[in-house]
Amino acid sequence: MTKTRQELALYALESLKKAGADKAACTVTRGRKEEFNIEANKFSLLRTLFNDELSLKAIIGGRKGVVSVNKLDKDSIDKAVEDCVTLANSATPDEAEDIAPKAENKDYSRNIGGSDMAKLFTRTKEYLEQVQDEFPKIVLESMASEFTASESTYVNSNGVEFNDEQECYSYGPMFSAKDGEKASSFNYTGASLTALDKPFMDIGLMRTLLDESVRSLDTCMIEEKFVGKVIVTPTYDVVWETILDAFLSNRALIEGTSRWKDSLGKKVADSKLTMRLSPFHPSIVGGERFTPDGFEAQNTDLICDGILKSFALSLYGANKTGKPRALCSPESYEIAAGDTPLADMIKSVDKGILLGRFSGASPGPSGDISGVAKNSFLIENGVVTDAISETMISFNVVDVISNILAISKERNETGSSIRPWALFDGVTVSGK
């Protein structure tokens with residue numbers, strides 16, 4: 001008889017305890033994905049993928065063992081338990097290792113009634129035809145349109161149990177423009193959805209990005225070096241991801257490299273900036289309902305009106321640093337809208353860059369960013385003009401967010417994040 005995922009999770013948990021774990025946690029996930037693929041403007045594949053995963057954590061005398069396997073039969077679970085306990089016994093003790101305490105157990109369901117693959121195919125075909133009709137110079141290098149269903153159970157030895165079921169659609173094209181020998185840099189976008197009531201072409205910034213790719217067939221070189229303004233678009237999150245990784249993450253705070261390690265409750269950015277983790281926002285699709293540590297997830301402010309309200313620390317990070325644990329994982333986030341229309345923001349720029357995409361090394365602990373502006377445009381006298389090529393930009397994230405000139409009223413929602421346009425000053429732009 002096939003066991004439910006709850007039965008499998010509890011079996012694995014009891015096996016860890018019997019094998020000597022002082023504390024233990026187990027997550028069982030079962031998933032199914034049905035997808036259409038497009039390559040070079042043509043349908044190339046229809047497939048269904050199944051994914052089973054078992055994740056185990058054992059703590060023995062402060063020593064942690066972690067194992068993940070993709071099989072859920074009894075022999076595989078027993079072997080995973082054995083391996084997990086072996087790893088724990090051989091690990092170095094660390095008092096910061098722990099699991100969530102007992103709390104109210106909860107079940108969540110975000111099912112949407114199963115897949116409608118006929119409609120997903122229709123929407124995908126419609127999108128392909130619209131691209132070919134409206135943007136004949138665009139080549140869809142690749143695209144996947146998918147329906148995903150997943151079921152998860154988390155249990156731990158303190159009596160915590162969470163169950164979550166969710167279903168959603170998603171699409172993600174990667175594209176470039178080509179005209180004879182000319183070709184633009186590739187770009188990509190996509191979104192997660194709970195319904196197929198809109199054409200993909202009408203969602204988010206799809207038309208804008210396709211149009212920008214065509215415009216980028218002809219580029220100009222910026223001859224001089226100058227310090228000016230940059231509008232960071234919602235399509236690329238170089239600033240916001242740097243904040244999460246370099247200043248608020250486990251790694252940055254445990255290693256002591258975060259410039260904000262002693263700034264909780266203090267002003268760290270311009271008062272225009274509010275940044276939240278928002279897994280329960282109605283526009284966030286698939287936001288977590290419980291953390292990997294076994295806590296019920298909650299929306300939480302990271303930065304509110306420029307004041308640092310929370311780090312993005314897990315239970316381990318909080319125990320290791322002595323700082324408060326975040327109420328959810330740093331995955332689904334939003335930047336609060338500002339009060340400036342995008343059109344007015346552009347008009348206010350005398351000379352600068354509309355930054356569509358960025359290619360560069362990962363920012364250092366200081367927040368210094370340097371790399372090449374891709375899919376980007378020159379702004380002169382309040383007008384977006386030519387697409388640019390081989391243009392370097394460099395700035396420090398802490399410096400620019402300390403004096404934000406404007407944040408747009410408009411925001412782009414992808415199902416995993418909600419971001420506005422943001423206008424920063426003091427960015428070094430280097431051409432030839």
# chains A, B, ... in the order shown; residues from 1 in each chain; ligands from 1

$ residues_around --residues "stretch 53-69 of chain A" --least-positions-apart "3" --cutoff "6 Å" --atoms "only C-alpha atoms" --output "mmCIF file with all heavy atoms, in the first residue's frame"
data_model
loop_
_atom_site.group_PDB
_atom_site.id
_atom_site.type_symbol
_atom_site.label_atom_id
_atom_site.label_comp_id
_atom_site.auth_asym_id
_atom_site.auth_seq_id
_atom_site.Cartn_x
_atom_site.Cartn_y
_atom_site.Cartn_z
ATOM 1 N N ALA A 21 19.187 10.471 17.092
ATOM 2 C CA ALA A 21 19.104 11.921 16.951
ATOM 3 C C ALA A 21 18.472 12.542 18.192
ATOM 4 O O ALA A 21 17.410 12.110 18.642
ATOM 5 C CB ALA A 21 18.307 12.288 15.712
ATOM 6 N N ASP A 22 19.125 13.550 18.765
ATOM 7 C CA ASP A 22 18.539 14.306 19.867
ATOM 8 C C ASP A 22 17.398 15.184 19.356
ATOM 9 O O ASP A 22 16.372 15.341 20.020
ATOM 10 C CB ASP A 22 19.595 15.202 20.522
ATOM 11 C CG ASP A 22 20.774 14.408 21.053
ATOM 12 O OD1 ASP A 22 20.551 13.286 21.549
ATOM 13 O OD2 ASP A 22 21.916 14.908 20.959
ATOM 14 N N LYS A 23 17.621 15.781 18.192
ATOM 15 C CA LYS A 23 16.607 16.603 17.524
ATOM 16 C C LYS A 23 16.624 16.216 16.048
ATOM 17 O O LYS A 23 17.682 15.924 15.489
ATOM 18 C CB LYS A 23 16.910 18.096 17.680
ATOM 19 C CG LYS A 23 16.903 18.568 19.132
ATOM 20 C CD LYS A 23 17.230 20.045 19.223
ATOM 21 C CE LYS A 23 17.238 20.511 20.679
ATOM 22 N NZ LYS A 23 17.532 21.959 20.803
ATOM 23 N N ALA A 24 15.465 16.246 15.441
ATOM 24 C CA ALA A 24 15.400 15.816 14.044
ATOM 25 C C ALA A 24 14.281 16.553 13.327
ATOM 26 O O ALA A 24 13.300 16.993 13.944
ATOM 27 C CB ALA A 24 15.166 14.300 13.955
ATOM 28 N N ALA A 25 14.448 16.679 12.014
ATOM 29 C CA ALA A 25 13.434 17.301 11.168
ATOM 30 C C ALA A 25 13.429 16.598 9.825
ATOM 31 O O ALA A 25 14.454 16.068 9.373
ATOM 32 C CB ALA A 25 13.697 18.790 10.991
ATOM 33 N N CYS A 26 12.264 16.598 9.201
ATOM 34 C CA CYS A 26 12.120 15.901 7.923
ATOM 35 C C CYS A 26 11.129 16.657 7.047
ATOM 36 O O CYS A 26 10.083 17.106 7.528
ATOM 37 C CB CYS A 26 11.633 14.478 8.159
ATOM 38 S SG CYS A 26 11.195 13.606 6.651
ATOM 39 N N THR A 27 11.452 16.790 5.765
ATOM 40 C CA THR A 27 10.532 17.361 4.782
ATOM 41 C C THR A 27 10.372 16.374 3.633
ATOM 42 O O THR A 27 11.371 15.897 3.081
ATOM 43 C CB THR A 27 11.040 18.702 4.233
ATOM 44 O OG1 THR A 27 11.240 19.616 5.305
ATOM 45 C CG2 THR A 27 10.030 19.298 3.252
ATOM 46 N N VAL A 28 9.137 16.070 3.301
ATOM 47 C CA VAL A 28 8.826 15.232 2.142
ATOM 48 C C VAL A 28 8.073 16.091 1.132
ATOM 49 O O VAL A 28 7.073 16.737 1.471
ATOM 50 C CB VAL A 28 7.975 14.016 2.524
ATOM 51 C CG1 VAL A 28 7.490 13.275 1.272
ATOM 52 C CG2 VAL A 28 8.773 13.066 3.414
ATOM 53 N N THR A 29 8.568 16.110 -0.096
ATOM 54 C CA THR A 29 7.944 16.896 -1.156
ATOM 55 C C THR A 29 7.678 16.010 -2.358
ATOM 56 O O THR A 29 8.554 15.240 -2.781
ATOM 57 C CB THR A 29 8.847 18.071 -1.584
ATOM 58 O OG1 THR A 29 9.118 18.899 -0.447
ATOM 59 C CG2 THR A 29 8.175 18.904 -2.659
ATOM 60 N N CYS A 84 22.444 10.242 7.279
ATOM 61 C CA CYS A 84 22.269 11.495 8.015
ATOM 62 C C CYS A 84 22.863 11.389 9.421
ATOM 63 O O CYS A 84 23.571 12.299 9.886
ATOM 64 C CB CYS A 84 20.772 11.837 8.084
ATOM 65 S SG CYS A 84 20.408 13.463 8.758
ATOM 66 N N LEU A 87 26.676 11.340 9.275
ATOM 67 C CA LEU A 87 27.222 12.690 9.063
ATOM 68 C C LEU A 87 27.176 13.505 10.349
ATOM 69 O O LEU A 87 28.125 14.236 10.679
ATOM 70 C CB LEU A 87 26.443 13.401 7.961
ATOM 71 C CG LEU A 87 26.693 12.922 6.531
ATOM 72 C CD1 LEU A 87 25.716 13.586 5.570
ATOM 73 C CD2 LEU A 87 28.122 13.228 6.105
ATOM 74 N N ALA A 88 26.078 13.387 11.086
ATOM 75 C CA ALA A 88 25.958 14.131 12.339
ATOM 76 C C ALA A 88 27.026 13.687 13.335
ATOM 77 O O ALA A 88 27.666 14.521 13.994
ATOM 78 C CB ALA A 88 24.563 13.953 12.925
ATOM 79 N N ALA A 91 30.393 15.245 12.493
ATOM 80 C CA ALA A 91 30.476 16.694 12.325
ATOM 81 C C ALA A 91 31.086 17.360 13.549
ATOM 82 O O ALA A 91 31.199 16.767 14.624
ATOM 83 C CB ALA A 91 29.089 17.265 12.057
ATOM 84 N N THR A 92 31.451 18.614 13.384
ATOM 85 C CA THR A 92 31.969 19.420 14.489
ATOM 86 C C THR A 92 30.800 20.000 15.281
ATOM 87 O O THR A 92 29.861 20.540 14.686
ATOM 88 C CB THR A 92 32.836 20.569 13.949
ATOM 89 O OG1 THR A 92 33.914 20.028 13.194
ATOM 90 C CG2 THR A 92 33.380 21.419 15.086
ATOM 91 N N PRO A 93 30.806 19.919 16.598
ATOM 92 C CA PRO A 93 29.703 20.467 17.388
ATOM 93 C C PRO A 93 29.527 21.965 17.156
ATOM 94 O O PRO A 93 30.505 22.705 17.009
ATOM 95 C CB PRO A 93 30.130 20.185 18.836
ATOM 96 C CG PRO A 93 31.059 19.029 18.735
ATOM 97 C CD PRO A 93 31.800 19.231 17.444
ATOM 98 N N ASP A 94 28.298 22.398 17.111
ATOM 99 C CA ASP A 94 27.974 23.818 16.912
ATOM 100 C C ASP A 94 26.691 24.093 17.684
ATOM 101 O O ASP A 94 25.614 23.626 17.319
ATOM 102 C CB ASP A 94 27.788 24.113 15.421
ATOM 103 C CG ASP A 94 27.665 25.609 15.141
ATOM 104 O OD1 ASP A 94 27.295 26.360 16.052
ATOM 105 O OD2 ASP A 94 27.931 26.018 13.991
ATOM 106 N N GLU A 95 26.791 24.863 18.749
ATOM 107 C CA GLU A 95 25.649 25.117 19.617
ATOM 108 C C GLU A 95 24.537 25.900 18.922
ATOM 109 O O GLU A 95 23.406 25.951 19.414
ATOM 110 C CB GLU A 95 26.101 25.874 20.869
ATOM 111 C CG GLU A 95 27.001 25.052 21.789
ATOM 112 C CD GLU A 95 27.394 25.809 23.037
ATOM 113 O OE1 GLU A 95 27.007 27.009 23.133
ATOM 114 O OE2 GLU A 95 28.061 25.232 23.912
#

$ closest_atom_pairs --of "stretch 325-421 of chain A" --to "stretch 185-202 of chain A" --cutoff "12 Å" --atoms "only C-alpha atoms" --output "JSON lines"
{"residue": "A:Gly356", "atom": "CA", "partner": "A:Asn187", "partner_atom": "CA", "distance": 9.0}
{"residue": "A:Arg357", "atom": "CA", "partner": "A:Asn187", "partner_atom": "CA", "distance": 8.0}
{"residue": "A:Phe358", "atom": "CA", "partner": "A:Asn187", "partner_atom": "CA", "distance": 10.7}
{"residue": "A:Ser359", "atom": "CA", "partner": "A:Ser185", "partner_atom": "CA", "distance": 11.2}
{"residue": "A:Val372", "atom": "CA", "partner": "A:Ser185", "partner_atom": "CA", "distance": 11.8}
{"residue": "A:Ala373", "atom": "CA", "partner": "A:Ser185", "partner_atom": "CA", "distance": 10.6}
{"residue": "A:Lys374", "atom": "CA", "partner": "A:Ser185", "partner_atom": "CA", "distance": 7.0}
{"residue": "A:Asn375", "atom": "CA", "partner": "A:Ser185", "partner_atom": "CA", "distance": 6.7}
{"residue": "A:Ser376", "atom": "CA", "partner": "A:Ser185", "partner_atom": "CA", "distance": 10.1}
{"residue": "A:Ala387", "atom": "CA", "partner": "A:Ser185", "partner_atom": "CA", "distance": 11.0}
{"residue": "A:Ile388", "atom": "CA", "partner": "A:Ser185", "partner_atom": "CA", "distance": 10.9}
{"residue": "A:Ser389", "atom": "CA", "partner": "A:Ser185", "partner_atom": "CA", "distance": 9.5}
{"residue": "A:Glu390", "atom": "CA", "partner": "A:Ser185", "partner_atom": "CA", "distance": 11.1}
{"residue": "A:Asn412", "atom": "CA", "partner": "A:Ala191", "partner_atom": "CA", "distance": 10.2}
{"residue": "A:Glu413", "atom": "CA", "partner": "A:Ala191", "partner_atom": "CA", "distance": 7.8}
{"residue": "A:Thr414", "atom": "CA", "partner": "A:Ala191", "partner_atom": "CA", "distance": 4.4}
{"residue": "A:Gly415", "atom": "CA", "partner": "A:Ser192", "partner_atom": "CA", "distance": 4.8}
{"residue": "A:Ser416", "atom": "CA", "partner": "A:Ser192", "partner_atom": "CA", "distance": 7.2}
{"residue": "A:Ser417", "atom": "CA", "partner": "A:Ala191", "partner_atom": "CA", "distance": 9.5}
{"residue": "A:Ile418", "atom": "CA", "partner": "A:Ala191", "partner_atom": "CA", "distance": 11.1}

$ write_last_selection --atoms "C-alpha atoms" --output "PDB file, in the first residue's frame"
ATOM      1  CA  GLY A 356      17.785  47.125 -18.240  1.00  0.00           C
ATOM      2  CA  ARG A 357      20.272  44.392 -17.364  1.00  0.00           C
ATOM      3  CA  PHE A 358      23.690  44.160 -15.760  1.00  0.00           C
ATOM      4  CA  SER A 359      26.605  41.790 -16.288  1.00  0.00           C
ATOM      5  CA  VAL A 372      28.599  46.187 -18.140  1.00  0.00           C
ATOM      6  CA  ALA A 373      25.169  47.700 -18.785  1.00  0.00           C
ATOM      7  CA  LYS A 374      23.158  45.397 -21.064  1.00  0.00           C
ATOM      8  CA  ASN A 375      19.818  46.077 -22.778  1.00  0.00           C
ATOM      9  CA  SER A 376      20.221  49.644 -21.577  1.00  0.00           C
ATOM     10  CA  ALA A 387      20.637  51.901 -26.965  1.00  0.00           C
ATOM     11  CA  ILE A 388      24.197  51.728 -25.642  1.00  0.00           C
ATOM     12  CA  SER A 389      26.943  49.129 -26.002  1.00  0.00           C
ATOM     13  CA  GLU A 390      30.120  48.252 -24.114  1.00  0.00           C
ATOM     14  CA  ASN A 412       6.267  45.199 -12.017  1.00  0.00           C
ATOM     15  CA  GLU A 413       4.843  41.997 -10.530  1.00  0.00           C
ATOM     16  CA  THR A 414       6.364  38.650 -11.521  1.00  0.00           C
ATOM     17  CA  GLY A 415       4.704  36.376  -8.991  1.00  0.00           C
ATOM     18  CA  SER A 416       7.928  36.124  -7.001  1.00  0.00           C
ATOM     19  CA  SER A 417       8.794  39.794  -6.506  1.00  0.00           C
ATOM     20  CA  ILE A 418       7.221  43.242  -6.803  1.00  0.00           C
TER      21      ILE A 418
END

$ residues_around --residues "A:Cys328" --least-positions-apart "6" --cutoff "9 Å" --atoms "only C-alpha atoms" --output "ChimeraX atom specification"
/A:277-279,288-291,295-300,312-314

$ write_last_selection --atoms "C-alpha atoms" --output "compact mmCIF listing (two decimals), in the first residue's frame"
# COMPACT_ATOMS: atom_id res chain seq x y z
CA LEU A 277 9.54 40.05 2.62
CA SER A 278 5.98 39.34 1.50
CA PRO A 279 5.22 35.62 1.01
CA GLU A 288 6.48 30.03 1.50
CA ARG A 289 4.06 29.13 4.26
CA PHE A 290 6.68 27.68 6.60
CA THR A 291 10.41 28.20 6.75
CA PHE A 295 8.50 28.18 11.68
CA GLU A 296 5.24 29.51 10.29
CA ALA A 297 6.16 32.19 7.75
CA GLN A 298 5.00 35.79 8.17
CA ASN A 299 5.33 38.97 6.14
CA THR A 300 8.01 41.21 7.60
CA ALA A 312 17.24 38.07 6.85
CA LEU A 313 18.59 35.53 9.31
CA SER A 314 17.58 31.90 9.61

$ residues_around --residues "A:Lys102" --least-positions-apart "6" --cutoff "9 Å" --atoms "only C-alpha atoms" --output "mmCIF file with N, CA and C atoms, in the first residue's frame"
data_model
loop_
_atom_site.group_PDB
_atom_site.id
_atom_site.type_symbol
_atom_site.label_atom_id
_atom_site.label_comp_id
_atom_site.auth_asym_id
_atom_site.auth_seq_id
_atom_site.Cartn_x
_atom_site.Cartn_y
_atom_site.Cartn_z
ATOM 1 N N ASN A 156 8.993 17.862 12.739
ATOM 2 C CA ASN A 156 10.217 17.775 13.531
ATOM 3 C C ASN A 156 9.933 17.127 14.880
ATOM 4 N N SER A 157 10.982 16.835 15.595
ATOM 5 C CA SER A 157 10.864 16.066 16.834
ATOM 6 C C SER A 157 10.310 16.879 17.997
ATOM 7 N N ASN A 158 10.061 18.176 17.795
ATOM 8 C CA ASN A 158 9.370 18.975 18.801
ATOM 9 C C ASN A 158 7.856 18.945 18.608
ATOM 10 N N GLY A 159 7.401 18.185 17.617
ATOM 11 C CA GLY A 159 5.958 18.060 17.384
ATOM 12 C C GLY A 159 5.400 19.015 16.355
ATOM 13 N N VAL A 160 6.265 19.717 15.629
ATOM 14 C CA VAL A 160 5.798 20.640 14.590
ATOM 15 C C VAL A 160 5.387 19.841 13.349
ATOM 16 N N GLU A 161 4.275 20.228 12.751
ATOM 17 C CA GLU A 161 3.884 19.644 11.458
ATOM 18 C C GLU A 161 3.199 20.697 10.608
#

$ closest_residue --among "A:Thr257, A:Asn381, A:Ser366, A:Ser394" --to "A:Lys347" --atoms "only C-alpha atoms"
A:Asn381

$ select_by_dssp --residues "stretch 227-366 of chain A" --states "alpha helix (DSSP H)" --output "list in words"
Val238, Val239, Trp240, Glu241, Thr242, Asn250, Arg251, Ala252, Leu253, Ile254, Leu315, Tyr316, Gly317, Ala318, Asn319, Lys320, Thr321, Leu342, Ala343, Asp344, Met345, Ile346 and Lys347 of chain A

$ residues_around --residues "A:Gly294" --least-positions-apart "6" --cutoff "8 Å" --atoms "only C-alpha atoms" --output "list in words"
Ile99, Ala100, Tyr154, Val155, Asn156, Val160 and Phe162 of chain A

$ atom_distance --atom1 "atom CA of A:Val384" --atom2 "atom CA of A:Pro420"
17.8 Å

$ residues_around --residues "A:Gly317" --least-positions-apart "3" --cutoff "12 Å" --atoms "only C-alpha atoms" --output "ChimeraX atom specification"
/A:94-98,248-256,293,311-314,320-326,329

$ residues_around --residues "A:Ser142" --least-positions-apart "5" --cutoff "6 Å" --atoms "only C-alpha atoms" --output "list in words"
Ile38, Glu39, Pro173 and Met174 of chain A

$ select_by_dssp --residues "stretch 287-368 of chain A" --states "strand (DSSP E)" --output "PyMOL selection string"
chain A and resi 300-304+307-308+333-335+351-355+357-360+368

$ atom_distance --atom1 "atom CA of A:Thr391" --atom2 "atom CA of A:Ser362"
17.7 Å

$ atom_distance --atom1 "atom CA of A:Asn89" --atom2 "atom CA of A:Ala103"
28.2 Å
